[in-house]
Structures are given as C-alpha cells and as structure tokens.
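Participant: Below you'll find data-v7.cif; it's mmCIF, C-alpha atoms.
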```cif
data_my_file
#
loop_
_atom_site.label_atom_id
_atom_site.label_comp_id
_atom_site.auth_asym_id
_atom_site.auth_seq_id
_atom_site.Cartn_x
_atom_site.Cartn_y
_atom_site.Cartn_z
CA MET A 1 0.00 0.00 0.00
CA ASP A 2 1.22 3.50 -0.84
CA TYR A 3 1.31 5.20 2.57
CA ASN A 4 1.88 8.59 0.95
CA ALA A 5 -1.45 8.12 -0.82
CA VAL A 6 -3.06 7.14 2.49
CA SER A 7 -1.74 10.41 4.00
CA MET A 8 -3.34 12.32 1.13
CA PHE A 9 -6.63 10.48 1.65
CA ILE A 10 -6.56 11.37 5.36
CA ALA A 11 -5.98 15.04 4.47
CA VAL A 12 -8.96 14.99 2.07
CA THR A 13 -11.15 13.43 4.76
CA GLN A 14 -10.16 16.09 7.30
CA THR A 15 -10.48 19.08 4.97
CA GLY A 16 -13.51 17.91 2.98
CA SER A 17 -12.11 18.58 -0.47
CA LEU A 18 -9.29 17.56 -2.80
CA SER A 19 -8.13 21.13 -3.39
CA ALA A 20 -7.96 21.97 0.32
CA ALA A 21 -6.02 18.78 0.99
CA ALA A 22 -3.59 19.56 -1.84
CA THR A 23 -3.00 23.03 -0.37
CA ARG A 24 -2.44 21.60 3.11
CA MET A 25 0.08 19.02 1.86
CA GLY A 26 1.76 21.30 -0.67
CA VAL A 27 1.26 18.99 -3.66
CA PRO A 28 -0.36 19.67 -7.06
CA LEU A 29 -4.06 18.87 -7.18
CA PRO A 30 -3.69 16.45 -10.17
CA THR A 31 -1.02 14.52 -8.27
CA LEU A 32 -3.18 14.17 -5.19
CA SER A 33 -6.23 13.13 -7.24
CA ARG A 34 -4.18 10.52 -9.13
CA LYS A 35 -2.68 9.10 -5.95
CA ILE A 36 -6.07 8.61 -4.33
CA ALA A 37 -7.44 7.00 -7.51
CA GLU A 38 -4.49 4.59 -7.44
CA LEU A 39 -5.18 3.83 -3.78
CA GLU A 40 -8.82 3.04 -4.57
CA SER A 41 -7.69 0.81 -7.43
CA HIS A 42 -5.25 -1.01 -5.14
CA LEU A 43 -7.89 -1.58 -2.47
CA LYS A 44 -10.60 -2.32 -5.09
CA VAL A 45 -13.07 -0.08 -3.25
CA GLN A 46 -14.32 3.49 -3.58
CA LEU A 47 -13.11 5.67 -0.73
CA LEU A 48 -14.50 9.06 -1.79
CA GLU A 49 -17.63 10.19 -3.59
CA ARG A 50 -17.02 13.41 -5.52
CA THR A 51 -19.80 16.01 -5.13
CA ALA A 52 -20.37 19.56 -6.33
CA ARG A 53 -19.31 20.86 -2.91
CA GLY A 54 -16.28 18.64 -2.41
CA CYS A 55 -15.97 15.02 -1.34
CA ARG A 56 -17.96 12.66 0.83
CA VAL A 57 -16.27 9.73 2.51
CA THR A 58 -17.82 6.33 1.81
CA ASP A 59 -18.33 3.70 4.51
CA ALA A 60 -15.15 1.96 3.38
CA GLY A 61 -13.31 5.28 3.46
CA SER A 62 -14.53 5.95 7.00
CA ARG A 63 -13.15 2.60 8.14
CA LEU A 64 -9.80 3.29 6.50
CA PHE A 65 -9.64 6.77 8.05
CA GLU A 66 -10.46 5.48 11.53
CA HIS A 67 -7.75 2.81 11.46
CA ALA A 68 -5.08 4.57 9.42
CA SER A 69 -4.97 8.13 10.77
CA GLY A 70 -3.27 7.19 14.03
CA GLY A 71 -0.72 5.00 12.23
CA ILE A 72 0.20 7.69 9.72
CA GLU A 73 0.68 10.22 12.50
CA ALA A 74 2.90 7.72 14.35
CA LEU A 75 5.07 7.36 11.23
CA GLN A 76 5.26 11.13 10.85
CA GLU A 77 6.26 11.44 14.49
CA ALA A 78 8.99 8.83 14.02
CA GLU A 79 10.30 10.77 11.05
CA ARG A 80 10.38 14.00 13.08
CA LEU A 81 12.28 12.28 15.87
CA ILE A 82 14.88 10.87 13.49
CA VAL A 83 15.38 14.12 11.57
CA SER A 84 15.59 16.40 14.59
CA ALA A 85 17.15 13.86 16.97
CA GLN A 86 14.98 15.60 19.57
CA ALA A 87 17.51 18.46 19.71
CA ARG A 88 14.72 20.95 18.98
CA LEU A 89 11.02 20.30 18.69
CA VAL A 90 10.10 20.76 15.04
CA GLY A 91 6.69 20.13 13.54
CA ARG A 92 3.08 21.17 13.69
CA LEU A 93 0.61 21.42 16.59
CA ARG A 94 -3.12 21.71 15.87
CA LEU A 95 -5.16 23.14 18.73
CA SER A 96 -8.74 24.06 19.50
CA LEU A 97 -9.64 26.57 22.19
CA PRO A 98 -12.52 28.96 22.87
CA GLN A 99 -12.21 32.46 21.47
CA SER A 100 -12.99 34.06 24.83
CA PHE A 101 -10.37 32.28 26.95
CA GLU A 102 -7.97 35.23 27.00
CA PRO A 103 -5.39 33.89 29.52
CA TRP A 104 -4.82 30.75 27.46
CA TRP A 105 -3.82 32.83 24.45
CA GLU A 106 -1.09 34.38 26.63
CA LEU A 107 0.04 30.89 27.66
CA LEU A 108 0.10 29.82 24.02
CA GLY A 109 2.35 32.76 23.15
CA LEU A 110 4.79 31.71 25.88
CA PHE A 111 4.83 28.15 24.55
CA GLN A 112 5.63 29.26 21.01
CA ARG A 113 8.41 31.54 22.21
CA ALA A 114 9.87 28.54 24.04
CA HIS A 115 9.52 26.33 20.93
CA PRO A 116 9.83 28.63 17.88
CA ASP A 117 10.20 25.71 15.44
CA ILE A 118 6.70 24.41 16.16
CA GLN A 119 4.10 25.64 13.72
CA ILE A 120 0.86 26.17 15.64
CA SER A 121 -2.56 26.16 13.98
CA VAL A 122 -5.52 27.12 16.19
CA TYR A 123 -9.16 26.40 15.43
CA SER A 124 -10.89 29.00 17.60
CA THR A 125 -14.49 28.07 18.35
CA GLU A 126 -16.93 27.84 21.24
CA ARG A 127 -18.29 24.52 19.96
CA ARG A 128 -16.96 21.14 21.04
CA VAL A 129 -14.86 19.83 18.17
CA ASP A 130 -14.36 16.21 17.16
CA LEU A 131 -10.62 15.66 17.48
CA LEU A 132 -10.43 12.96 14.81
CA SER A 133 -12.61 14.41 12.07
CA ASP A 134 -11.46 18.01 12.68
CA GLY A 135 -7.79 17.01 12.74
CA VAL A 136 -7.14 18.54 16.18
CA ASP A 137 -4.24 17.36 18.36
CA VAL A 138 -5.28 18.96 21.66
CA ALA A 139 -8.48 20.79 22.63
CA LEU A 140 -9.24 22.95 25.64
CA ARG A 141 -12.58 21.85 27.08
CA VAL A 142 -14.72 23.19 29.89
CA GLY A 143 -16.87 20.90 32.02
CA ALA A 144 -17.15 17.16 32.50
CA ILE A 145 -15.57 14.84 29.92
CA ALA A 146 -17.69 11.87 28.90
CA ASP A 147 -15.83 10.64 25.83
CA ASP A 148 -13.96 7.35 25.92
CA ALA A 149 -12.14 8.24 22.69
CA VAL A 150 -10.06 10.96 24.38
CA VAL A 151 -7.67 11.33 27.28
CA ALA A 152 -8.38 14.30 29.55
CA ARG A 153 -5.71 16.06 31.60
CA HIS A 154 -7.29 18.15 34.37
CA MET A 155 -5.84 21.65 34.47
CA LEU A 156 -7.77 23.59 37.08
CA THR A 157 -11.19 24.43 38.49
CA PHE A 158 -12.87 27.83 38.27
CA ARG A 159 -16.38 29.23 38.56
CA HIS A 160 -18.58 31.70 36.77
CA VAL A 161 -19.66 34.95 38.37
CA LEU A 162 -22.96 36.83 38.17
CA VAL A 163 -22.19 40.48 37.45
CA ALA A 164 -23.68 43.86 36.59
CA SER A 165 -22.37 47.41 36.39
CA PRO A 166 -22.75 49.74 39.41
CA ARG A 167 -25.08 51.91 37.28
CA LEU A 168 -27.41 48.99 36.59
CA VAL A 169 -27.45 48.03 40.27
CA GLU A 170 -28.27 51.62 41.20
CA ARG A 171 -31.17 51.71 38.73
CA HIS A 172 -32.72 48.37 39.64
CA GLY A 173 -31.73 47.90 43.28
CA ARG A 174 -29.54 45.37 45.03
CA LEU A 175 -30.39 41.68 44.95
CA ASN A 176 -31.03 39.50 47.99
CA GLN A 177 -32.04 36.25 46.29
CA PRO A 178 -32.08 34.80 42.75
CA ALA A 179 -35.80 35.57 42.31
CA ASP A 180 -34.91 39.29 42.43
CA LEU A 181 -33.22 38.90 39.03
CA SER A 182 -36.67 39.37 37.47
CA ARG A 183 -36.13 43.12 38.01
CA TYR A 184 -33.00 43.10 35.86
CA PRO A 185 -32.46 42.91 32.09
CA CYS A 186 -30.43 39.69 31.80
CA ALA A 187 -28.28 38.28 29.02
CA ALA A 188 -26.79 34.79 28.87
CA TRP A 189 -24.42 32.57 26.94
CA GLY A 190 -26.24 30.19 24.61
CA SER A 191 -24.91 27.53 22.26
CA ALA A 192 -27.99 27.62 20.00
CA LEU A 193 -30.38 30.27 18.71
CA ASP A 194 -33.28 28.78 20.68
CA ALA A 195 -31.26 28.27 23.88
CA ARG A 196 -33.12 28.56 27.18
CA PRO A 197 -30.42 29.45 29.70
CA VAL A 198 -30.45 28.05 33.22
CA TRP A 199 -28.21 29.50 35.94
CA MET A 200 -27.22 27.22 38.82
CA LEU A 201 -27.11 29.67 41.73
CA GLY A 202 -26.41 28.37 45.20
CA GLY A 203 -27.08 24.82 44.06
CA HIS A 204 -30.52 25.61 42.62
CA ALA A 205 -31.52 25.87 38.96
CA ASN A 206 -32.93 29.22 37.90
CA GLN A 207 -34.57 29.64 34.51
CA VAL A 208 -33.26 32.88 33.02
CA SER A 209 -35.64 35.25 31.28
CA ALA A 210 -32.89 36.48 28.97
CA THR A 211 -33.49 39.45 26.69
CA PHE A 212 -30.34 38.51 24.79
CA THR A 213 -28.33 35.32 24.24
CA VAL A 214 -25.02 34.87 22.40
CA ASN A 215 -22.20 32.32 22.30
CA ASP A 216 -19.58 34.99 22.95
CA TYR A 217 -18.56 35.85 26.53
CA LEU A 218 -16.46 38.81 25.39
CA HIS A 219 -19.58 40.47 23.99
CA LEU A 220 -21.50 39.71 27.18
CA ARG A 221 -18.72 41.34 29.21
CA ALA A 222 -18.79 44.44 27.03
CA ARG A 223 -22.57 44.75 27.38
CA ALA A 224 -22.34 44.29 31.16
CA VAL A 225 -19.61 46.93 31.54
CA ALA A 226 -21.71 49.29 29.40
CA GLY A 227 -24.52 48.95 31.95
CA ASP A 228 -26.99 47.27 29.60
CA ILE A 229 -27.42 43.87 31.26
CA ALA A 230 -26.65 41.53 34.13
CA THR A 231 -24.93 38.34 33.06
CA GLU A 232 -22.69 35.46 34.09
CA LEU A 233 -19.01 35.48 33.11
CA PRO A 234 -16.15 33.05 33.60
CA SER A 235 -14.02 34.31 36.46
CA PHE A 236 -11.03 34.95 34.17
CA LEU A 237 -13.13 37.45 32.20
CA ALA A 238 -14.80 39.01 35.24
CA ALA A 239 -11.76 39.45 37.52
CA GLU A 240 -10.26 42.58 35.94
CA PRO A 241 -13.48 44.65 35.58
CA LEU A 242 -14.45 43.62 39.13
CA GLU A 243 -11.05 44.79 40.38
CA LYS A 244 -11.47 48.12 38.54
CA GLY A 245 -15.00 48.62 39.87
CA GLU A 246 -16.52 48.46 36.39
CA LEU A 247 -18.62 45.48 37.51
CA LEU A 248 -20.08 44.24 40.79
CA GLU A 249 -20.60 40.61 41.76
CA LEU A 250 -24.30 39.90 42.31
CA LEU A 251 -25.59 37.35 44.81
CA PRO A 252 -22.18 36.25 46.13
CA LYS A 253 -23.95 34.08 48.70
CA HIS A 254 -25.55 32.13 45.83
CA PRO A 255 -22.45 31.22 43.76
CA PHE A 256 -22.26 29.26 40.55
CA PRO A 257 -20.80 25.74 40.90
CA ASP A 258 -17.16 24.99 40.22
CA THR A 259 -16.27 24.14 36.63
CA ALA A 260 -13.42 21.87 35.56
CA LEU A 261 -11.02 22.76 32.77
CA HIS A 262 -9.26 20.01 30.79
CA LEU A 263 -6.87 19.55 27.92
CA VAL A 264 -8.01 16.57 25.87
CA TYR A 265 -6.22 14.58 23.19
CA ARG A 266 -6.94 11.43 21.23
CA ARG A 267 -6.53 8.13 23.02
CA GLN A 268 -3.55 6.43 21.43
CA ARG A 269 -0.63 4.41 22.66
CA HIS A 270 1.98 7.15 22.45
CA PRO A 271 1.07 10.84 22.14
CA SER A 272 3.51 12.70 19.92
CA THR A 273 6.53 14.44 21.44
CA ILE A 274 5.05 17.82 20.52
CA VAL A 275 1.71 17.02 22.14
CA ARG A 276 3.45 15.85 25.32
CA ALA A 277 5.60 19.00 25.36
CA TYR A 278 2.52 21.21 25.06
CA LEU A 279 0.64 19.35 27.82
CA ASP A 280 3.61 19.50 30.16
CA PHE A 281 4.27 23.18 29.41
CA CYS A 282 0.65 24.10 30.19
CA SER A 283 0.75 22.13 33.46
CA ALA A 284 3.98 23.86 34.48
CA HIS A 285 2.64 27.36 33.77
CA LEU A 286 -0.85 27.08 35.24
CA SER A 287 -0.17 29.93 37.65
CA ILE A 288 -0.83 32.33 34.73
CA ILE A 289 -4.36 30.95 34.39
CA GLU A 290 -4.98 30.59 38.12
CA ASP A 291 -4.03 34.22 38.79
CA SER A 292 -6.45 35.40 36.12
CA CYS A 293 -9.30 33.40 37.70
CA ARG A 294 -9.07 35.03 41.15
CA VAL A 295 -12.16 37.14 41.80
CA PRO A 296 -12.11 39.94 44.40
CA SER A 297 -13.87 38.68 47.53
CA ASP A 298 -15.74 41.88 48.47
CA GLU A 299 -19.46 41.29 48.61
CA GLU A 300 -21.84 43.65 46.88
#
```
Before anything else, please render the file you have as structure tokens.
Facilitator:
Amino acid sequence: MDYNAVSMFIAVTQTGSLSAAATRMGVPLPTLSRKIAELESHLKVQLLERTARGCRVTDAGSRLFEHASGGIEALQEAERLIVSAQARLVGRLRLSLPQSFEPWWELLGLFQRAHPDIQISVYSTERRVDLLSDGVDVALRVGAIADDAVVARHMLTFRHVLVASPRLVERHGRLNQPADLSRYPCAAWGSALDARPVWMLGGHANQVSATFTVNDYLHLRARAVAGDIATELPSFLAAEPLEKGELLELLPKHPFPDTALHLVYRRQRHPSTIVRAYLDFCSAHLSIIEDSCRVPSDEE
C-alpha cells in the first residue's frame, strides 16, 4: 500500500475537499487526485464520492480513516524524531480553544516563544470539536468529559460569576435572592439560537428570562460593563473589571458551581513528542491561568 497516498486520503477526509487537501500538503491537485485513484484501485473499493461541494467519505473510506490516521501520525512522528534527533522540537501542533479564553492565548504565546520551530494552527471556536474528524491534536474543554475516545488532563477548576455594572445596580436595586433577578435585564451565553439558559445559583436551577443570548462571553462582558445587562461570566473574564470597579458581583452568597477545565487529546498508545511537550508546558505554567481566575472577595 502507498502510505503517501493514504496520507493524502486522510488530508482529504479532514479538509472535505481535494483542493484543500492539496493546499495543506503542498502537492499539485492532479497529483493528489491521481494518488487517491491509485489507492482506490489497489484496495478495489471506492473511498471518496465526488460532489459539487467537495468530497464525501464512503463507509469503506470511513473505516480506513479510523484505522489509518493514528498509524500515519505515528510514522510522521517517528520521522520528526529521526530528523531532529529531539535536539529541537520541530513540527506542527493543531489546537482548538474557545475564542474568549484570553489567559490561554497568553500561555500559548509563551509556549511558542519557548519552541519557535513548532508551527501552531488554532481552530478557535466555542463549539466542542471532534478531534479525529477536525484534525485537532489537543483541545481545551470546559466541564465534565464523557468521551472514551479521548484522554483528559485536568488543568484547574474555576467558577462563573454573576455580574452587573454599578449603574445597573443603582437603577434596579440590590439583589437578595435569585428571584430578584426578574427586576434586571439579563443576558446569557447560549450555544444555540433557541437556547433557554439556566443558571445554577447556590445549588438551585434558575430559569433565566434572557433578553439577549449569544455564544460569545467577550460580547457579554462588554454589554455588562456598558450597563446594559446583568450576566454570568467566567471568572477569568470578570476578575479585571471587578477589580477596577466596572462590575459588581451579584448574589455572592448564591455562587455558581465549580467548573473543571481540561486539555483533551486522542486516546492512542503514544502521544507525539510535541503534544506531550505542550501538555507538560501548560501544566507547568498554570499559575498564569490561576491568577487570572481570582475574583475579588468583596461582597456587593
């Protein structure tokens, strides 16, 4: 079997089109198309169905992708080790992390300065990616991990904070219990257009009558600082405006529950040297993230 052709097939599966795969691998499109046709001829099975929008993987192609992708990456890792002799880490690291997690972007900059020969590609999204089909090496995930296909390394625990600007509190009055939120214009994070947010305050679920929902915590923070709404923010986004007095914590005696933060990677026998270096670097520099998650303790 031509393992170079298998690598091209894996790239097509991950990118969804022949042209995108050719660009990623730096080979001419006719060469890539010919190689995959030869692979299909060798295996005597169709791996890809060409469509007007790109390519769709057949059932046989899905089985090949599932079993071959890890092996190809292991061969690529072996090649990197031999070429570099581990003197310097050289290669590519594909990450996924939420757009709003500002402290992690600082940590990522430190990692790249420590390993300038690693090419880093980041898929920035608030959705939960599929590591295999999206071609991601390591993803930053918030909350519980219930996926046997990945290994999760626990990083830290933080909580969200209910906040509003001093002006909004002055207009609508201070809160004594979650039911008092009905006096406030509230906005919430939502993963779908028809999301119905629920805030867990003091261990009790509270249905939020949100006038605005969005899957972007940075926008929620801006609206809260502007005095438009009360909302919940991750502590690493709330800490600085709370310290400056631009926001106040609401209902501190009814806190949100703790939330776990993990780095997850595909379950395989030996993670690549670059993946291990990234995981270990993040673990060693967690103080950057922990400092950003500290919320001033003054009650409203």
Participant: Got a sec to resolve the PyMOL selection byres ((chain A and resi 282) around 12) on this structure and send the residues as a ChimeraX atom specification?
Facilitator: /A:103-112,114,138,140,153-156,262-263,275-281,283-290
Participant: Between A:Val129, A:Leu247, A:Leu93, A:Met8, single out the one closest to Ser69 in chain A, counting all atoms listed in the file.
Facilitator: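 Closest residue, counting all atoms listed in the file: A:Met8.
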Participant: In Å to one decimal, how far is CA of Val225 in chain A from CA of Gln99 in chain A?
Facilitator: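 Computed distance, CA of Gln99 in chain A to CA of Val225 in chain A, equals 19.1 Å.
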Participant: Considering all atoms listed in the file, return as a ChimeraX atom specification whatever protein or nucleic-acid residues lie within 10 Å of range 206-209 of chain A, sequence-local ones (same chain, fewer than 5 positions apart) excluded.
Facilitator: /A:178-179,181-182,184-188,196-201,231
Participant: Can you work out which one of A:Glu66, A:Glu249, A:Glu73, A:Asp258 has the shortest atom-to-atom distance to Pro166 in chain A, counting all atoms listed in the file?
Facilitator: A:Glu249
Participant: Which of these, A:Ala205, A:Ala230, A:Leu48, A:Ala239, has the shortest distance to Ala60 in chain A once you count all atoms listed in the file?
Facilitator: A:Leu48
Participant: Quick one, how far is CA of Asp228 in chain A from CA of Arg167 in chain A?
Facilitator: 9.2 Å
Participant: Given the PyMOL selection byres ((chain A and resi 11) around 10) and the file above, list the residues it selects as a ChimeraX atom specification.
Facilitator: /A:5-10,12-18,20-25,65,69,135
Participant: Next, write the just-selected residues to a file, as a CSV table (one decimal), keeping the file's coordinate frame, keeping C-alpha atoms as the atom set.
Facilitator:
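Everything below was put into part_17.csv:
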```
chain,number,residue,atom,x,y,z
A,5,ALA,CA,-1.4,8.1,-0.8
A,6,VAL,CA,-3.1,7.1,2.5
A,7,SER,CA,-1.7,10.4,4.0
A,8,MET,CA,-3.3,12.3,1.1
A,9,PHE,CA,-6.6,10.5,1.6
A,10,ILE,CA,-6.6,11.4,5.4
A,12,VAL,CA,-9.0,15.0,2.1
A,13,THR,CA,-11.2,13.4,4.8
A,14,GLN,CA,-10.2,16.1,7.3
A,15,THR,CA,-10.5,19.1,5.0
A,16,GLY,CA,-13.5,17.9,3.0
A,17,SER,CA,-12.1,18.6,-0.5
A,18,LEU,CA,-9.3,17.6,-2.8
A,20,ALA,CA,-8.0,22.0,0.3
A,21,ALA,CA,-6.0,18.8,1.0
A,22,ALA,CA,-3.6,19.6,-1.8
A,23,THR,CA,-3.0,23.0,-0.4
A,24,ARG,CA,-2.4,21.6,3.1
A,25,MET,CA,0.1,19.0,1.9
A,65,PHE,CA,-9.6,6.8,8.0
A,69,SER,CA,-5.0,8.1,10.8
A,135,GLY,CA,-7.8,17.0,12.7
```
Participant: Between CA of Gly91 in chain A and CA of Ile120 in chain A, what is the distance, to one decimal in Å?
Facilitator: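 About the pair CA of Gly91 in chain A and CA of Ile120 in chain A: they are 8.7 Å apart.
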Participant: Which residue, A:Leu162, A:Ala74, A:Ile145, A:Leu39, has the smallest gap to Pro257 in chain A when you use all atoms listed in the file?
Facilitator: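 Ranked by minimum distance to Pro257 in chain A, first place goes to A:Leu162.
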Participant: For Lys244 in chain A, which of A:Ser165, A:Thr259, A:Gln119, A:Asn176 is the closest residue, counting only C-alpha atoms?
Facilitator: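 Closest to Lys244 in chain A of all the choices is A:Ser165.
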Participant: Tell me, as a ChimeraX atom specification, which residues lie within 9 Å of Ile274 in chain A, counting only C-alpha atoms; anything in the same chain fewer than 6 positions away does not count.
Facilitator: /A:77,89-93,118
Participant: Check the smallest atom-to-atom distance from each of A:Arg266, A:His42, A:Arg171, A:Arg53 to Ala152 in chain A using only C-alpha atoms, then report the winner.
Facilitator: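 Ranked by minimum distance to Ala152 in chain A, first place goes to A:Arg266.
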Participant: Run the PyMOL selection byres ((chain A and resi 126) around 9) against the file shown and list the residues it catches, as an mmCIF file with C-alpha atoms, in the coordinates of the input.
Facilitator:
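Generated file (part_12.cif):
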```
data_model
loop_
_atom_site.group_PDB
_atom_site.id
_atom_site.type_symbol
_atom_site.label_atom_id
_atom_site.label_comp_id
_atom_site.auth_asym_id
_atom_site.auth_seq_id
_atom_site.Cartn_x
_atom_site.Cartn_y
_atom_site.Cartn_z
ATOM 1 C CA LEU A 97 -9.640 26.570 22.190
ATOM 2 C CA PRO A 98 -12.520 28.960 22.870
ATOM 3 C CA GLN A 99 -12.210 32.460 21.470
ATOM 4 C CA SER A 100 -12.990 34.060 24.830
ATOM 5 C CA SER A 124 -10.890 29.000 17.600
ATOM 6 C CA THR A 125 -14.490 28.070 18.350
ATOM 7 C CA ARG A 127 -18.290 24.520 19.960
ATOM 8 C CA ARG A 128 -16.960 21.140 21.040
ATOM 9 C CA VAL A 129 -14.860 19.830 18.170
ATOM 10 C CA SER A 191 -24.910 27.530 22.260
ATOM 11 C CA ASN A 215 -22.200 32.320 22.300
ATOM 12 C CA ASP A 216 -19.580 34.990 22.950
#
```
Participant: Considering only C-alpha atoms, return as a PyMOL selection string whatever protein or nucleic-acid residues lie within 7 Å of Asp137 in chain A, sequence-local ones (same chain, fewer than 5 positions apart) excluded.
Facilitator: chain A and resi 93-95+131+265
Participant: Let me see the file: selected residues, C-alpha atoms, as an mmCIF file, keeping the file's coordinate frame.
Facilitator:
```
data_model
loop_
_atom_site.group_PDB
_atom_site.id
_atom_site.type_symbol
_atom_site.label_atom_id
_atom_site.label_comp_id
_atom_site.auth_asym_id
_atom_site.auth_seq_id
_atom_site.Cartn_x
_atom_site.Cartn_y
_atom_site.Cartn_z
ATOM 1 C CA LEU A 93 0.610 21.420 16.590
ATOM 2 C CA ARG A 94 -3.120 21.710 15.870
ATOM 3 C CA LEU A 95 -5.160 23.140 18.730
ATOM 4 C CA LEU A 131 -10.620 15.660 17.480
ATOM 5 C CA TYR A 265 -6.220 14.580 23.190
#
```
Participant: Could you pull range 190-260 of chain A out of the structure just shown and give C-alpha atoms as a CSV table (one decimal), in the first residue's frame?
Facilitator:
```
chain,number,residue,atom,x,y,z
A,190,GLY,CA,-26.2,30.2,24.6
A,191,SER,CA,-24.9,27.5,22.3
A,192,ALA,CA,-28.0,27.6,20.0
A,193,LEU,CA,-30.4,30.3,18.7
A,194,ASP,CA,-33.3,28.8,20.7
A,195,ALA,CA,-31.3,28.3,23.9
A,196,ARG,CA,-33.1,28.6,27.2
A,197,PRO,CA,-30.4,29.4,29.7
A,198,VAL,CA,-30.4,28.1,33.2
A,199,TRP,CA,-28.2,29.5,35.9
A,200,MET,CA,-27.2,27.2,38.8
A,201,LEU,CA,-27.1,29.7,41.7
A,202,GLY,CA,-26.4,28.4,45.2
A,203,GLY,CA,-27.1,24.8,44.1
A,204,HIS,CA,-30.5,25.6,42.6
A,205,ALA,CA,-31.5,25.9,39.0
A,206,ASN,CA,-32.9,29.2,37.9
A,207,GLN,CA,-34.6,29.6,34.5
A,208,VAL,CA,-33.3,32.9,33.0
A,209,SER,CA,-35.6,35.3,31.3
A,210,ALA,CA,-32.9,36.5,29.0
A,211,THR,CA,-33.5,39.4,26.7
A,212,PHE,CA,-30.3,38.5,24.8
A,213,THR,CA,-28.3,35.3,24.2
A,214,VAL,CA,-25.0,34.9,22.4
A,215,ASN,CA,-22.2,32.3,22.3
A,216,ASP,CA,-19.6,35.0,23.0
A,217,TYR,CA,-18.6,35.8,26.5
A,218,LEU,CA,-16.5,38.8,25.4
A,219,HIS,CA,-19.6,40.5,24.0
A,220,LEU,CA,-21.5,39.7,27.2
A,221,ARG,CA,-18.7,41.3,29.2
A,222,ALA,CA,-18.8,44.4,27.0
A,223,ARG,CA,-22.6,44.8,27.4
A,224,ALA,CA,-22.3,44.3,31.2
A,225,VAL,CA,-19.6,46.9,31.5
A,226,ALA,CA,-21.7,49.3,29.4
A,227,GLY,CA,-24.5,48.9,31.9
A,228,ASP,CA,-27.0,47.3,29.6
A,229,ILE,CA,-27.4,43.9,31.3
A,230,ALA,CA,-26.6,41.5,34.1
A,231,THR,CA,-24.9,38.3,33.1
A,232,GLU,CA,-22.7,35.5,34.1
A,233,LEU,CA,-19.0,35.5,33.1
A,234,PRO,CA,-16.1,33.0,33.6
A,235,SER,CA,-14.0,34.3,36.5
A,236,PHE,CA,-11.0,35.0,34.2
A,237,LEU,CA,-13.1,37.5,32.2
A,238,ALA,CA,-14.8,39.0,35.2
A,239,ALA,CA,-11.8,39.5,37.5
A,240,GLU,CA,-10.3,42.6,35.9
A,241,PRO,CA,-13.5,44.7,35.6
A,242,LEU,CA,-14.4,43.6,39.1
A,243,GLU,CA,-11.1,44.8,40.4
A,244,LYS,CA,-11.5,48.1,38.5
A,245,GLY,CA,-15.0,48.6,39.9
A,246,GLU,CA,-16.5,48.5,36.4
A,247,LEU,CA,-18.6,45.5,37.5
A,248,LEU,CA,-20.1,44.2,40.8
A,249,GLU,CA,-20.6,40.6,41.8
A,250,LEU,CA,-24.3,39.9,42.3
A,251,LEU,CA,-25.6,37.3,44.8
A,252,PRO,CA,-22.2,36.3,46.1
A,253,LYS,CA,-23.9,34.1,48.7
A,254,HIS,CA,-25.5,32.1,45.8
A,255,PRO,CA,-22.4,31.2,43.8
A,256,PHE,CA,-22.3,29.3,40.6
A,257,PRO,CA,-20.8,25.7,40.9
A,258,ASP,CA,-17.2,25.0,40.2
A,259,THR,CA,-16.3,24.1,36.6
A,260,ALA,CA,-13.4,21.9,35.6
```
